[in-house]
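A.B. asks: To be precise about what I am sending: the file is called target22.cif and holds mmCIF, C-alpha atoms (C1' of nucleotides).
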```
data_final
#
loop_
_atom_site.label_atom_id
_atom_site.label_comp_id
_atom_site.auth_asym_id
_atom_site.auth_seq_id
_atom_site.Cartn_x
_atom_site.Cartn_y
_atom_site.Cartn_z
CA MET A 28 -33.22 -25.19 11.82
CA ILE A 29 -33.41 -28.25 9.55
CA GLY A 30 -37.16 -28.77 9.86
CA LEU A 31 -37.85 -25.48 8.12
CA THR A 32 -36.70 -26.82 4.79
CA GLN A 33 -38.79 -29.99 4.88
CA ALA A 34 -41.98 -28.95 3.15
CA LEU A 35 -45.17 -30.88 3.80
CA PRO A 36 -45.89 -33.23 0.85
CA GLN A 37 -48.85 -32.78 -1.46
CA SER A 38 -50.40 -35.94 0.01
CA PHE A 39 -50.81 -34.08 3.29
CA PHE A 40 -53.24 -31.70 1.62
CA ALA A 41 -55.13 -34.35 -0.37
CA ARG A 42 -57.61 -34.84 2.46
CA PRO A 43 -60.76 -33.01 3.56
CA ALA A 44 -60.19 -29.44 4.78
CA GLU A 45 -61.68 -30.18 8.21
CA ILE A 46 -59.02 -32.87 8.68
CA VAL A 47 -56.12 -30.79 7.39
CA ALA A 48 -57.05 -27.56 9.21
CA PRO A 49 -56.50 -28.79 12.79
CA GLU A 50 -53.35 -30.67 11.73
CA LEU A 51 -51.88 -27.45 10.34
CA ILE A 52 -51.99 -25.88 13.79
CA GLY A 53 -48.43 -25.94 15.07
CA CYS A 54 -46.95 -26.33 11.60
CA LEU A 55 -44.71 -23.61 10.19
CA LEU A 56 -45.30 -21.17 7.37
CA VAL A 57 -41.95 -20.48 5.74
CA LYS A 58 -40.96 -17.90 3.13
CA LEU A 59 -37.68 -17.54 1.32
CA GLN A 60 -37.22 -13.79 1.22
CA ASP A 61 -35.50 -11.75 -1.47
CA GLY A 62 -32.32 -11.41 0.57
CA GLY A 63 -32.09 -15.19 0.96
CA GLU A 64 -33.21 -15.24 4.57
CA LEU A 65 -36.08 -17.38 5.81
CA LEU A 66 -39.12 -15.79 7.41
CA TRP A 67 -41.15 -18.29 9.38
CA GLY A 68 -43.77 -18.59 12.08
CA VAL A 69 -46.08 -21.05 13.79
CA VAL A 70 -49.61 -21.47 12.45
CA VAL A 71 -51.89 -20.82 15.43
CA GLU A 72 -55.30 -20.41 13.80
CA THR A 73 -57.01 -22.00 10.77
CA GLU A 74 -60.46 -22.43 9.26
CA ALA A 75 -61.83 -25.07 6.87
CA TYR A 76 -64.07 -24.33 3.87
CA CYS A 77 -65.87 -26.87 1.74
CA GLN A 78 -68.05 -26.77 -1.35
CA GLY A 79 -71.62 -27.45 -0.31
CA GLU A 80 -71.67 -24.97 2.58
CA PRO A 81 -72.56 -21.32 1.87
CA ALA A 82 -69.46 -19.67 3.32
CA CYS A 83 -67.22 -21.40 0.79
CA HIS A 84 -66.14 -19.44 -2.27
CA GLY A 85 -66.94 -22.50 -4.37
CA TYR A 86 -70.48 -22.82 -3.06
CA ARG A 87 -72.28 -21.03 -5.90
CA ARG A 88 -70.27 -21.59 -9.03
CA ARG A 89 -66.88 -22.25 -10.48
CA SER A 90 -65.41 -19.05 -11.95
CA PRO A 91 -62.05 -17.58 -12.89
CA SER A 92 -61.75 -16.01 -9.44
CA ASN A 93 -62.22 -19.23 -7.48
CA GLU A 94 -60.79 -21.64 -10.04
CA THR A 95 -57.75 -22.44 -7.89
CA LEU A 96 -59.98 -23.71 -5.10
CA PHE A 97 -61.31 -26.37 -7.48
CA GLY A 98 -57.85 -27.45 -8.55
CA GLU A 99 -55.08 -29.72 -7.27
CA PRO A 100 -54.53 -29.86 -3.51
CA GLY A 101 -51.34 -28.33 -2.17
CA HIS A 102 -51.63 -25.07 -4.10
CA TRP A 103 -52.06 -21.55 -2.74
CA TYR A 104 -55.45 -19.92 -3.13
CA VAL A 105 -55.04 -16.20 -2.50
CA TYR A 106 -57.74 -13.57 -2.95
CA LEU A 107 -58.36 -9.94 -2.12
CA THR A 108 -61.08 -9.31 0.41
CA TYR A 109 -62.83 -6.05 1.31
CA GLY A 110 -60.71 -4.45 -1.39
CA ILE A 111 -57.86 -4.15 1.08
CA HIS A 112 -56.62 -7.40 2.55
CA HIS A 113 -55.37 -10.63 1.09
CA CYS A 114 -56.39 -14.01 2.49
CA VAL A 115 -54.12 -17.03 2.18
CA ASN A 116 -55.54 -20.51 1.76
CA VAL A 117 -54.16 -23.95 0.99
CA VAL A 118 -56.21 -26.00 -1.45
CA THR A 119 -57.14 -29.38 0.04
CA GLY A 120 -59.22 -32.41 -0.92
CA CYS A 121 -59.34 -33.53 -4.52
CA PRO A 122 -59.63 -31.75 -7.88
CA ASN A 123 -63.03 -30.45 -9.02
CA TRP A 124 -64.21 -30.15 -5.43
CA ALA A 125 -63.83 -26.73 -3.81
CA ASN A 126 -61.96 -27.36 -0.59
CA GLY A 127 -59.42 -25.36 1.34
CA VAL A 128 -57.94 -24.16 4.61
CA LEU A 129 -57.66 -20.47 5.44
CA LEU A 130 -54.54 -19.53 7.39
CA ARG A 131 -55.86 -17.05 9.96
CA ALA A 132 -52.97 -16.35 12.29
CA ILE A 133 -49.24 -16.92 12.62
CA GLU A 134 -47.00 -16.44 15.63
CA ILE A 135 -43.52 -15.22 14.77
CA ALA A 136 -40.72 -15.49 17.33
CA ASN A 137 -39.03 -12.23 18.28
CA GLU A 138 -41.69 -10.10 16.60
CA PRO A 139 -44.69 -8.24 18.03
CA LEU A 140 -47.29 -10.79 19.20
CA ARG A 141 -50.06 -9.50 16.96
CA ILE A 142 -47.96 -8.82 13.85
CA ALA A 143 -49.76 -11.65 11.99
CA ALA A 144 -52.84 -12.13 14.20
CA GLY A 145 -55.46 -12.27 11.45
CA PRO A 146 -55.73 -13.35 7.81
CA GLY A 147 -55.01 -9.92 6.38
CA LEU A 148 -52.18 -9.18 8.77
CA LEU A 149 -50.57 -12.54 8.09
CA ALA A 150 -50.64 -11.95 4.34
CA LYS A 151 -49.22 -8.48 4.83
CA ARG A 152 -46.35 -9.61 7.06
CA PHE A 153 -45.35 -12.43 4.71
CA GLY A 154 -45.79 -10.30 1.60
CA ILE A 155 -48.37 -12.64 0.08
CA ASN A 156 -50.65 -11.28 -2.64
CA ARG A 157 -52.61 -12.46 -5.68
CA SER A 158 -49.40 -13.28 -7.52
CA TYR A 159 -49.10 -16.36 -5.30
CA ASN A 160 -52.53 -17.63 -6.31
CA GLY A 161 -52.25 -21.05 -7.96
CA LEU A 162 -48.60 -21.62 -7.07
CA VAL A 163 -47.55 -24.92 -5.48
CA VAL A 164 -47.08 -25.02 -1.72
CA ALA A 165 -43.44 -25.98 -1.98
CA LYS A 166 -39.95 -24.52 -1.87
CA ASP A 167 -40.13 -24.01 -5.63
CA CYS A 168 -42.28 -20.92 -5.25
CA GLY A 169 -40.51 -19.69 -2.13
CA LEU A 170 -43.49 -20.17 0.17
CA TRP A 171 -44.27 -23.45 1.89
CA LEU A 172 -45.49 -25.19 5.01
CA SER A 173 -43.39 -27.52 7.13
CA SER A 174 -44.10 -29.77 10.07
CA ARG A 175 -43.04 -28.60 13.47
CA PRO A 176 -39.30 -29.19 14.06
CA THR A 177 -38.61 -31.76 16.79
CA ASP A 178 -36.39 -29.34 18.65
CA MET A 179 -39.27 -26.95 19.21
CA ALA A 180 -41.38 -27.11 22.34
CA ALA A 181 -44.28 -29.52 21.90
CA ILE A 182 -47.84 -28.29 21.64
CA ASN A 183 -50.19 -29.33 24.39
CA VAL A 184 -53.11 -31.07 22.73
CA ASN A 185 -55.38 -29.53 25.36
CA ASP A 186 -54.53 -26.13 23.93
CA LEU A 187 -56.21 -26.86 20.59
CA VAL A 188 -59.70 -25.33 20.56
CA GLN A 189 -62.37 -26.03 17.94
CA THR A 190 -65.10 -23.40 17.47
CA THR A 191 -67.34 -21.88 14.83
CA ARG A 192 -65.83 -19.72 12.09
CA ILE A 193 -65.82 -15.94 12.33
CA GLY A 194 -66.22 -13.03 9.94
CA ILE A 195 -68.86 -14.81 7.84
CA SER A 196 -72.61 -14.24 7.54
CA GLN A 197 -73.60 -17.67 6.23
CA GLY A 198 -72.51 -21.09 7.44
CA ARG A 199 -71.88 -19.91 10.99
CA GLU A 200 -72.98 -23.21 12.54
CA MET A 201 -70.12 -25.39 11.36
CA PRO A 202 -67.35 -25.73 13.98
CA TRP A 203 -64.56 -25.42 11.47
CA ARG A 204 -62.23 -22.97 13.19
CA TRP A 205 -59.25 -24.14 15.21
CA TYR A 206 -56.78 -22.17 17.25
CA LEU A 207 -54.19 -22.54 19.98
CA SER A 208 -55.71 -21.19 23.16
CA SER A 209 -52.26 -20.67 24.64
CA SER A 210 -51.27 -18.33 21.81
CA LYS A 211 -51.55 -14.58 22.18
CA SER A 212 -51.32 -14.17 18.41
CA VAL A 213 -54.81 -15.38 17.47
CA SER A 214 -57.21 -13.10 15.57
CA ARG A 215 -59.73 -11.12 17.60
CA ARG A 216 -62.92 -11.26 15.55
"C1'" DT B 5 -69.81 1.24 15.42
"C1'" DC B 6 -68.13 2.56 11.14
"C1'" DA B 7 -65.23 3.73 7.04
"C1'" DA B 8 -61.75 2.23 3.74
"C1'" DT B 9 -61.44 0.12 -0.80
"C1'" DG B 10 -61.96 -2.88 -5.00
"C1'" DA B 11 -63.18 -7.37 -6.87
"C1'" DT B 12 -67.02 -10.14 -7.59
"C1'" DT B 13 -71.72 -11.29 -7.72
"C1'" DA B 14 -76.77 -10.44 -7.57
"C1'" DG B 15 -80.47 -8.15 -9.54
"C1'" DC B 16 -82.88 -5.50 -13.12
"C1'" DC C 6 -76.06 -1.58 -16.45
"C1'" DT C 7 -76.24 -0.56 -10.94
"C1'" DA C 8 -76.36 -2.21 -6.16
"C1'" DA C 9 -74.97 -5.25 -2.67
"C1'" DT C 10 -71.81 -8.17 -0.62
"C1'" DC C 11 -67.47 -9.49 1.26
"C1'" DA C 12 -63.35 -15.83 4.75
"C1'" DT C 13 -60.82 -7.68 7.38
"C1'" DT C 14 -58.82 -4.18 9.98
"C1'" DG C 15 -57.99 0.10 12.59
"C1'" DA C 16 -59.84 4.17 14.17
"C1'" DT C 17 -63.80 6.47 16.58
#
```
Hey, can you dump this file as structure tokens for me?

C.D. replies:
Amino acid sequence: MIGLTQALPQSFFARPAEIVAPELIGCLLVKLQDGGELLWGVVVETEAYCQGEPACHGYRRRSPSNETLFGEPGHWYVYLTYGIHHCVNVVTGCPNWANGVLLRAIEIANEPLRIAAGPGLLAKRFGINRSYNGLVVAKDCGLWLSSRPTDMAAINVNDLVQTTRIGISQGREMPWRWYLSSSKSVSRR
DNA sequence: TCAATGATTAGC
DNA sequence: CTAATCATTGAT
């Protein structure tokens, strides 16, 4: 599948998270595995985070742990949450402004529907941990995002739902979560 | 509804 | 320093 190897350019990510997040729905997350095979799936759920709103990791201060979020767009921002699960984000916007999109769920063909239905599960299935933090979203680091190949079934625009974000205690009002309503691989809560 | 589990931050 | 919080998940 040719489309898998055409990574989204950095310019795609150099825009506000709330613009990039819905556009990432339907795109593919692709990983070059150790054996040389490609693992890939369709992004079916995302959330946007932006400095200036309390749910964002860059809301309070810039620190070593959130430094990546303040950096160049098109880099991976990966952190450990609840001491157990990793969350995978793409840095968006422009440098010195905390901005990013959290990948919340991926649908993988020929695998159990809920294998990556949640941020932690997604990271687990793709083997993504802190070692990816700060790396470029490109083939160079073996993990990238690509646009949806033309030979795949088109997404019905009516399937894209915009709602409030989940799993946060502050900043609940902002409608910065998007997901494919037709997908059975979206996170539950 | 709650525990697991550890990094990070808030509060003295 | 200690306590609380946390962009989650699976079991009860």

A.B. asks: What does the distance between CA of Asn93 (chain A) and CA of Leu55 (chain A) come to in Å, to one decimal place?

C.D. replies: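 Taking CA of Asn93 (chain A) as the start and CA of Leu55 (chain A) as the end point, the length is 25.3 Å.
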
A.B. asks: Pick from A:Gly198, A:Gly154, A:Gly169, A:Gly110: nearest to chain B, with all atoms listed in the file counted?

C.D. replies: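 Smallest separation from chain B among the options: A:Gly110.
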
A.B. asks: Write out as an MDAnalysis selection string the residues lying within 12 Å of DT13 (chain C), counting all atoms listed in the file and excluding same-chain residues fewer than 6 positions away.

C.D. replies: (chainID A and resid 107:114 131 144:151 193:195 214:216) or (chainID B and resid 8:9)

A.B. asks: Suppose a student applies the PyMOL selection byres ((chain B) within 12 of (chain A)) to this structure; what residues should they get, written as a ChimeraX atom specification?

C.D. replies: /B:7-14

A.B. asks: CA of Val163 (chain A) and CA of Gly127 (chain A) are how many Å apart?

C.D. replies: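 Computing the Euclidean distance for CA of Val163 (chain A) and CA of Gly127 (chain A) yields 13.7 Å.
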
A.B. asks: I need the residue nearest chain C from this list: A:Val57, A:Ala143, A:Leu207, A:Ala136. Use all atoms listed in the file for the distance.

C.D. replies: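 Checking each candidate against chain C, we get A:Ala143 as the closest.
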
A.B. asks: Expanded to explicit residues, what is the PyMOL selection byres ((chain C) within 12 of (chain A)) for this file, as a list of chain:residue names?

C.D. replies: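 After applying the PyMOL selection byres ((chain C) within 12 of (chain A)), what remains is C:DT10, C:DC11, C:DA12, C:DT13, C:DT14, C:DG15.
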
A.B. asks: Select, from A:Pro91, A:Pro176, A:Gly98, A:Pro49, the residue with the minimum atom-to-atom distance to Arg204 (chain A), counting only C-alpha atoms.

C.D. replies: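 Closest to Arg204 (chain A), using only C-alpha atoms: A:Pro49.
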
A.B. asks: Put a box with edges along x, y and z around all the listed atoms of region 10-17 of chain C, pad it by 4 Å on each side, then give me its centre and sizes in Å, one decimal, as AutoDock Vina command-line options.

C.D. replies:
```
--center_x -64.9 --center_y -4.7 --center_z 8.0 --size_x 21.8 --size_y 30.3 --size_z 25.2
```

A.B. asks: Just the number, please: distance in Å from CA of Gln189 (chain A) to CA of Phe97 (chain A), one decimal.

C.D. replies: 25.4 Å
